[in-house]
Amino acid sequence: MGSIKKAAVLGSGVMGSGIAAHLANIGIPTLLLDIVPREVTDEEKAKGLTLEDKVVRNRFVLSAVEKLKKQKPAPLTSKESLSLISIGNMDDDMELLKDVDWIIEVVVENLDVKKKVFARVDEVRKPGSIVTSNTSGISVERMSEDCSEDFKKHFLGTHFFNPPRYLKLLEVIPTQHTSEEVLSFMKTFGEDVLGKGVVLAKDTPNFIANRIGTYGLLLTVQEMIKGGYSVGEVDSITGPLVGRPKSATFRTLDVVGLDTFIHVANNVYDNVTDEKEKVVFEIPPFMKEMVQNGWIGSKSGQGFFLKQGKDILELNPQTLQYEPRKKLKSASTEMSKQTKGLSAKMKTLLYADDRAGTLLWNIISPVLLYSATLYKEIADDIVAIDNAMKWGFGWEQGPFEIWDAIGVSKSIMKMESEGKEVPTWVKEMLDNGHESFYKHDNGDVHFYHDGEYKALHENQKKIYIKRLKEKNGVIKKNTGASLIDLGDGVAGLEFHSKSNAIGFDIVQMINYAVEEVGKNYKGLVIGNQAKNFCVGANLAMILMEAQDDNYFEIEMVVKHFQDAMMRMKYSSKPVVAAPFGMTLGGGTEVCLPADSIQASMETYMGLVEVGVGLIPGGGGNKELYMKYLNSLPKDTEFDLQKVANKVFETVAMAKVSTSAKEALELNFLNSKDGISVNGDHLIHDAKQKVISLYDAGYKAPVRKKVPVVGESGYATLQLGAQNMFYSGFISEHDLKIAKKLAHVISGGKLAYGTEVDEQYLLDLEREAFLSLIGEPKSQARMQHMLVKGKALRN
């Protein structure tokens with residue numbers, strides 16, 4: 001197989017345009033086509049347009065591309081990605097398909113329509129090009145049954161989950177004609193290039209994730225009605241408490257849209273023969289009534305929940321009236337909050353004899369049995385089912401992992417005592433002395449399959465820090481961080497404090513890591529696999545010290561942090577930072593001095609200290625300024641003031657990138673840095689970067705002086721801030737912070753163009769940081785952020 005250099009998406013609805021956006025995000029030029037409208041709108045008539053005009057013929061696609069710019073969450077990682085999407089329609093432009101390597105069909109979910117589209121595609125595609133359908137449940141085999149042999153060989157299902165940029169799951173569904181080479185290529189391409197978690201699914205109704213997920217959701221609705229629970233009560237215990245997303249059950253249905261959900265459920269109902277299964281997929285009357293009323297969720301403004309002012313109301317399914325939202329509290333929910341680890345929490349909750357425990361047992365245990373019953377029908381192994389639920393529905397544990405967590409033997413005794421039927425293969429597993437579906441041994445994972453345990457083989461680019469630690473142990477650790485051996489002569493520095501906030505313990509470990517790596521390793525990766533890379537410095541500790549007037553203590557910590565960053569920057573071995581998710585304040589300050597940054601595509605970087613009444617104090621201002629200077633072409637004249645203005649604006653407005661591409665536009669990243677589309681491959685990619693720097697004969701950077709804009713530049717920056725203040729954009733305290741920041745970035749009372757040592761700029765930064773910490777209004781902002789989790793404008 002060659003590579004995919006150009007793609008086409010047929011159908012520009014939410015899903016089609018989202019897939020096109022994702023392809024553009026990763027640099028693949030994509031042609032987006034849709035049908036030609038049947039009639040001209042009044043607006044088009046007023047402009048004198050007819051059905052012959054290109055702008056009318058391409059209306060659906062033009063409108064879809066416009067929506068991509070405004071949609072939330074943003075489907076595009078950068079507005080620049082739009083330049084890679086070209087548009088057309090399926091009457092005039094099908095010939096263009098002969099130039100593409102991959103054609104993705106995303107038209108209406110109707111078998112006859114899809115067959116007609118594929119007949120046309122078959123006429124124009126080049127032999128060897130891959131064709132896939134993004135169907136969420138129609139038989140992939142039947143879609144292509146009338147097509148040519150070459151088409152069939154290169155045809156399969158690729159079911160993306162919505163929104164394609166953010167949801168990790170890609171279900172790949174081969175037909176009996178799909179060539180092994182094409183299947184293998186799509187699996188690797190899906191993981192390495194599209195950045196997805198790929199699961200091979202069988203051609204059955206709704207494949208894996210939607211089959212089990214829809215079953216679980218409808219079962220929850222039925223149990224809610226049977227047990228007299230309210231919508232809000234169910235959502236309060238079916239979210240993070242049991243390792244599911246915050247949107248839990250009914251908020252998820254509101255986000256998905258009840259109309260869409262019912263369509264997916266009906267697809268199973270119409271295509272399965274088992275009567276017991278059919279009963280679960282029957283849509284309750286009140287949900288049908290909701291659709292008739294137009295109460296289909298977020299897109300219609302109301303569904304299971306309705307926002308009224310600041311209040312969120314829940315729907316009463318009996319009366320179809322909205323009532324104040326309720327939460328379910330019980331002994332087991334309180335006890336689970338004191339329990340460490342999801343597995344232990346699940347055990348506490350599912351065996352509890354109270355309202356929460358009863359509901360959770362009644363909605364989770366049938367899903368475990370359902371997954372086990374369907375196992376060979378929908379997937380090749382249990383790993384595919386677990387991964388599909390984790391990647392498609394955001395579960396922390398898949399069904400078989402949950403089963404292990406609550407104890408297979410114990411749960412089966414309870415299931416059978418209630419008259420539930422347990423699949424024979426599960427009982428045989430226990431009879432043969434096997435107590436769990438997975439075995440973890442010294443960092444290796446085995447899963448139960450056909451009477452024995454098989455080693456779990458995954459993409460080599462997946463590095464699991466937890467498993468590595470089990471295998472290789474830890475070089476050194478303290479409460480905030482660990483230094484670990486990533487293999488191949490590369491060490492890894494993992495943060496593991498609360499929210500990965502930087503405190504003195506992390507600073508100490510950075511110093512130790514630089515020293516140890518200098519002696520014994522090729523280089524260092526700074527990365528972790530928590531929810532976020534690092535949300536900044538330990539704000540609570542700083543505020544506490546400030547309120548106790550311990551400024552000497554704070555200065556010492558800030559100085560140590562600055563020194564550690566300089567030690568890292570001028571280390572004798574290469575250091576690569578691997579940020580992802582929230583990389584804020586101190587988190588960004590840790591990345592900027594690294595030799596190189598390997599960022600995950602979903603990296604939200606920013607120096608956000610202004611939001612808590614401070615400015616960056618760990619060298620962030622200096623490093624962002626220098627990074628910008630270093631990215632400018634050598635030996636060319638440039639305006640130093642423009643650089644200072646840009647850095648001042650980025651820090652003063654606490655700009656945060658909404659992707660790694662945007663971090664590049666904001667100069668947090670530059671051309672030396674890399675972006676990993678697949679977050680699971682981030683540590684691997686950073687490690688490879690360290691090795692290539694080392695192999696290229698790495699030499700520590702030479703310390704150079706930094707040109708600054710000085711006093712005249714300070715006046716320019718200050719004038720900009722004052723104009724914002726007089727226009728009412730910023731408060732008086734914002735102005736005070738902006739002046740301090742301007743002083744730091746300009747280099748203070750010096751002549752324009754004066755070259756200064758980095759330490760001089762660090763001293764200015766630390767001085768400004770400390771003076772702001774003493775300000776009551778800054779302390780009020782810090783307090784507000786800690787208590788409310790959002791910025792205070794005072």
# chains A, B, ... in the order shown; residues from 1 in each chain; ligands from 1

$ select_by_dssp --residues "range 658-764 of chain A" --states "alpha helix (DSSP H)" --output "JSON, numbers by chain"
{"A": [660, 661, 662, 663, 664, 665, 682, 683, 684, 685, 686, 687, 688, 689, 690, 691, 692, 693, 694, 695, 710, 711, 712, 713, 714, 715, 716, 717, 718, 719, 720, 721, 722, 723, 724, 725, 726, 732, 733, 734, 735, 736, 737, 738, 739, 740, 741, 742, 743, 744, 745, 746, 758, 759, 760, 761, 762, 763, 764]}

$ residues_around --residues "range 747-756 of chain A" --least-positions-apart "6" --cutoff "9 Å" --atoms "only C-alpha atoms" --output "ChimeraX atom specification"
/A:640,704-714,764

$ closest_residue --among "A:Leu253, A:Leu167, A:Ala405, A:Val279" --to "Gly303 in chain A" --atoms "only C-alpha atoms"
A:Leu253

$ closest_residue --among "A:Val517, A:Leu111, A:Ile745, A:Ala209" --to "Gln641 in chain A" --atoms "only C-alpha atoms"
A:Ile745

$ closest_residue --among "A:Lys689, A:Lys152, A:Lys476, A:Lys278" --to "Ala594 in chain A" --atoms "only C-alpha atoms"
A:Lys689

$ atom_distance --atom1 "CA of Phe437 in chain A" --atom2 "CA of Glu458 in chain A"
17.4 Å

$ closest_residue --among "A:Phe580, A:Tyr628, A:Tyr698, A:Phe304" --to "Asn667 in chain A" --atoms "only C-alpha atoms"
A:Tyr628

$ select_by_dssp --residues "range 412-498 of chain A" --states "strand (DSSP E or B)" --output "ChimeraX atom specification"
/A:438-441,444-449,452-455,474-477,481-487,490-495

$ closest_residue --among "A:Gly617, A:Gly257, A:Gly197, A:Pro29" --to "Trp295 in chain A" --atoms "only C-alpha atoms"
A:Gly257

$ residues_around --residues "Gly243 in chain A" --least-positions-apart "4" --cutoff "9 Å" --atoms "only C-alpha atoms" --output "number ranges by chain"
A: 238-239, 342, 346, 394-397

$ write_last_selection --atoms "N, CA, C and O atoms" --output "tab-separated table (two decimals), in the first residue's frame"
chain	number	residue	atom	x	y	z
A	238	THR	N	-24.03	8.23	37.81
A	238	THR	CA	-23.55	7.45	36.65
A	238	THR	C	-22.48	8.21	35.85
A	238	THR	O	-22.26	7.93	34.68
A	239	GLY	N	-21.82	9.16	36.52
A	239	GLY	CA	-20.75	9.92	35.87
A	239	GLY	C	-19.39	9.55	36.46
A	239	GLY	O	-19.06	8.38	36.60
A	342	LEU	N	-10.44	3.54	41.24
A	342	LEU	CA	-11.76	3.26	40.67
A	342	LEU	C	-12.23	1.84	40.97
A	342	LEU	O	-13.39	1.62	41.28
A	346	MET	N	-15.77	0.91	42.69
A	346	MET	CA	-16.81	0.11	42.02
A	346	MET	C	-17.30	-1.02	42.93
A	346	MET	O	-18.49	-1.29	43.01
A	394	GLY	N	-15.95	7.16	26.54
A	394	GLY	CA	-15.22	7.83	27.62
A	394	GLY	C	-15.26	7.11	28.94
A	394	GLY	O	-15.09	7.72	29.99
A	395	TRP	N	-15.51	5.77	28.94
A	395	TRP	CA	-15.47	5.00	30.18
A	395	TRP	C	-14.01	4.84	30.60
A	395	TRP	O	-13.14	4.64	29.76
A	396	GLU	N	-13.76	4.89	31.90
A	396	GLU	CA	-12.39	4.65	32.38
A	396	GLU	C	-12.04	3.17	32.31
A	396	GLU	O	-10.89	2.80	32.13
A	397	GLN	N	-13.05	2.32	32.52
A	397	GLN	CA	-12.84	0.88	32.43
A	397	GLN	C	-13.89	0.29	31.48
A	397	GLN	O	-15.05	0.68	31.52

$ atom_distance --atom1 "CA of Glu589 in chain A" --atom2 "CA of Gly606 in chain A"
9.1 Å

$ closest_residue --among "A:Gln71, A:Ile364, A:Ile237, A:Asp93" --to "Gly216 in chain A" --atoms "only C-alpha atoms"
A:Ile364

$ residues_around --residues "range 542-548 of chain A" --least-positions-apart "2" --cutoff "7 Å" --atoms "only C-alpha atoms" --output "PyMOL selection string"
chain A and resi 538-540+550-551+554+773-774+779+782

$ write_last_selection --atoms "C-alpha atoms" --output "PDB file, in the first residue's frame"
ATOM      1  CA  ASN A 538       1.139  25.283  43.600  1.00  0.00           C
ATOM      2  CA  LEU A 539      -1.086  28.345  44.046  1.00  0.00           C
ATOM      3  CA  ALA A 540      -2.406  27.337  47.470  1.00  0.00           C
ATOM      4  CA  ASN A 550       6.793  34.715  54.223  1.00  0.00           C
ATOM      5  CA  TYR A 551       8.202  36.611  51.228  1.00  0.00           C
ATOM      6  CA  ILE A 554       8.474  32.597  48.329  1.00  0.00           C
ATOM      7  CA  ILE A 773       2.098  38.693  45.481  1.00  0.00           C
ATOM      8  CA  GLY A 774       1.931  41.296  48.242  1.00  0.00           C
ATOM      9  CA  GLN A 779      -4.321  37.709  46.760  1.00  0.00           C
ATOM     10  CA  MET A 782      -5.657  33.803  43.904  1.00  0.00           C
TER      11      MET A 782
END

$ closest_atom_pairs --of "range 540-600 of chain A" --to "range 492-495 of chain A" --cutoff "10 Å" --atoms "only C-alpha atoms" --output "Markdown table"
| residue | atom | partner | partner_atom | distance |
| --- | --- | --- | --- | --- |
| A:Val575 | CA | A:Gly492 | CA | 9.7 |
| A:Val576 | CA | A:Gly492 | CA | 9.6 |
| A:Ala577 | CA | A:Leu493 | CA | 9.4 |

$ residues_around --residues "Gly232 in chain A" --least-positions-apart "2" --cutoff "7 Å" --atoms "only C-alpha atoms" --output "list in words"
Ser230, Val234, Asp235, Ser236, Glu314, Arg325, Lys326 and Lys327 of chain A
